[in-house]
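The next block holds one structure in the form of structure tokens; read it before the comments.
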Amino acid sequence: SSPRMHIFGKWTNVEITVYVMYSSPDQLDSISIHGRSNHHKDCGFGGYTVRFGGIGDKDGGISWIKKEPLHRIYSDRMGSVDYSIPVNKWVGLKAIVRNIDGGKKVSVEGYVDDEMTRTGKMLDGNNSNNNGGQWKKILHAIDDGTWPGMGQEKEDKEIMKECIGKGDNISSNIYKPFTKTTEAIWLRTNGAEDVKYKWFSVREIKG
């Protein structure tokens, strides 16, 4: 009910795309796209998450962006919007994660293609292309080191202490934008029942 699909490589500035379909509200809670992630490694950076809610989502069909600096430590929701993936039609979901401002900040964007218009080409990281889908931007947040909600709970502090000098060694400044190259992007589905996928891809784009 909660499958993950990974694409491993050396990823920095990425465009991640997948098309999904489910047939009834009880078949999907949400789908999240995770960019710039070393989530699979001990004390690795968890990634930037672009989360799309389903019609039957227990969380109210909300879509949002979060940052997971270390596994089980999360920022507050950023750029939250009332959007639910429609039922019984193919819908494109896209996340773009890239460095901006000379590599000092990270831009995270979420797009949807409700009309299933893709014929081959992709988004170039800045502008939509009719041959690659009629993409609508519904989410955007910039990590400038001020995202709230991380590292304050007792469990958070224990995790940070355990990870000092290990993995990506980010616990000394958990709020700092993570601009490095990582090994994975991945897709997670929550509450999955007969969810279909196609055209799942990742490609490196310009920062």
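Identifiers in this document derive from the order of the structure tokens: chains are assigned A, B, ..., residues are numbered from 1 separately in each chain, and ligands are numbered from 1 in order of occurrence.
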### Task
Do a neighbour search on Asp101 of chain A at 12 Å with only C-alpha atoms, toss out local chain neighbours closer than 3 positions, and write the hits as a list of chain:residue names.
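Listing them by chain and then by number gives A:Arg98, A:Lys104, A:Lys105, A:Val106, A:Ser107, A:Ile142, A:Asp143, A:Asp144, A:Pro177, A:Thr179, A:Gly207.
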Quiz item: If we count only C-alpha atoms, what is near Gly165 of chain A at a cut-off of 12 Å, once residues fewer than 5 positions away on the same chain are taken out, given as number ranges by chain?
Solution: A: 42-44, 160, 170-172
Could you turn the residues from that selection into a file that holds N, CA and C atoms, as an mmCIF file, in the first residue's frame?
```
data_model
loop_
_atom_site.group_PDB
_atom_site.id
_atom_site.type_symbol
_atom_site.label_atom_id
_atom_site.label_comp_id
_atom_site.auth_asym_id
_atom_site.auth_seq_id
_atom_site.Cartn_x
_atom_site.Cartn_y
_atom_site.Cartn_z
ATOM 1 N N ASP A 42 22.345 5.939 5.631
ATOM 2 C CA ASP A 42 22.337 6.380 7.022
ATOM 3 C C ASP A 42 22.813 7.828 7.113
ATOM 4 N N CYS A 43 22.024 8.665 7.762
ATOM 5 C CA CYS A 43 22.345 10.083 7.961
ATOM 6 C C CYS A 43 22.496 10.838 6.638
ATOM 7 N N GLY A 44 21.842 10.338 5.590
ATOM 8 C CA GLY A 44 21.828 11.042 4.318
ATOM 9 C C GLY A 44 20.713 12.072 4.278
ATOM 10 N N MET A 160 19.701 14.229 15.203
ATOM 11 C CA MET A 160 20.783 15.137 14.821
ATOM 12 C C MET A 160 22.082 14.790 15.536
ATOM 13 N N ILE A 170 25.035 17.104 7.920
ATOM 14 C CA ILE A 170 24.308 18.365 7.819
ATOM 15 C C ILE A 170 23.696 18.802 9.143
ATOM 16 N N SER A 171 23.868 18.016 10.204
ATOM 17 C CA SER A 171 23.159 18.316 11.443
ATOM 18 C C SER A 171 23.629 19.590 12.126
ATOM 19 N N SER A 172 24.844 20.076 11.804
ATOM 20 C CA SER A 172 25.335 21.297 12.435
ATOM 21 C C SER A 172 24.538 22.528 11.991
#
```
inquiry  = Measuring between only C-alpha atoms, which one of A:Glu193, A:Asp113, A:Asp168, A:Glu155 shows the shortest distance to Tyr74 of chain A?
reply    =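 Between A:Glu193, A:Asp113, A:Asp168, A:Glu155, the residue approaching Tyr74 of chain A most closely is A:Glu155.
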**Asked** Neighbours of Ser201 of chain A within 7 Å (only C-alpha atoms; same-chain residues fewer than 2 positions away dropped), as a PyMOL selection string?
**Response** chain A and resi 16-18+199+203
Surrounding residues of segment 61-69 of chain A excluding itself and chain neighbours under 2 positions, 6 Å, only C-alpha atoms, as an MDAnalysis selection string = chainID A and resid 45:55 57 59 73:75 77:84
Next, dump the selected residues to file, keeping only C-alpha atoms, as a tab-separated table (two decimals), in the first residue's frame.
```
chain	number	residue	atom	x	y	z
A	45	PHE	CA	19.82	14.09	3.27
A	46	GLY	CA	16.18	13.03	3.09
A	47	GLY	CA	15.28	15.20	0.14
A	48	TYR	CA	12.82	17.84	-1.04
A	49	THR	CA	9.28	16.45	-1.27
A	50	VAL	CA	6.55	17.57	-3.66
A	51	ARG	CA	3.36	15.89	-2.47
A	52	PHE	CA	0.12	15.60	-4.47
A	53	GLY	CA	-3.05	14.58	-2.59
A	54	GLY	CA	-5.69	12.21	-3.93
A	55	ILE	CA	-9.45	12.71	-3.88
A	57	ASP	CA	-6.76	11.65	0.87
A	59	ASP	CA	-5.25	14.68	4.84
A	73	ILE	CA	12.85	15.23	10.60
A	74	TYR	CA	10.56	17.41	8.48
A	75	SER	CA	9.99	21.08	7.80
A	77	ARG	CA	4.47	22.53	4.77
A	78	MET	CA	5.50	25.15	2.25
A	79	GLY	CA	3.28	26.49	-0.53
A	80	SER	CA	0.31	24.32	0.50
A	81	VAL	CA	-2.61	24.37	-1.99
A	82	ASP	CA	-6.02	22.74	-2.28
A	83	TYR	CA	-5.38	20.35	-5.17
A	84	SER	CA	-6.40	16.69	-5.53
```
*Extract, using only C-alpha atoms, all DNA, RNA and protein residues at most 8 Å from Arg36 of chain A, discarding same-chain residues fewer than 4 positions from it, and format them as a VMD selection string.*
chain A and resid 11 to 13 45 to 48 97 180 to 185
| task | List the neighbours of Val195 of chain A out to 10 Å using only C-alpha atoms; skip same-chain residues closer than 3 positions along the sequence, and give me the result as JSON, numbers by chain. | result | {"A": [1, 20, 21, 22, 23, 24, 27, 28, 189, 191, 192]}
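Distance annotation: of A:Gly92, A:Pro25, A:Met150, A:His71, the residue with the minimal separation from Trp135 of chain A is A:Gly92; atom set is only C-alpha atoms.
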Closest of A:Leu70, A:Gly56, A:Asn88, A:Asn99 to Glu204 of chain A, counting only C-alpha atoms, is A:Asn99
Check your understanding: So which bits of segment 80-181 of chain A end up alpha helix (DSSP H) when you DSSP the backbone, as a PyMOL selection string?
Key -> chain A and resi 154-162
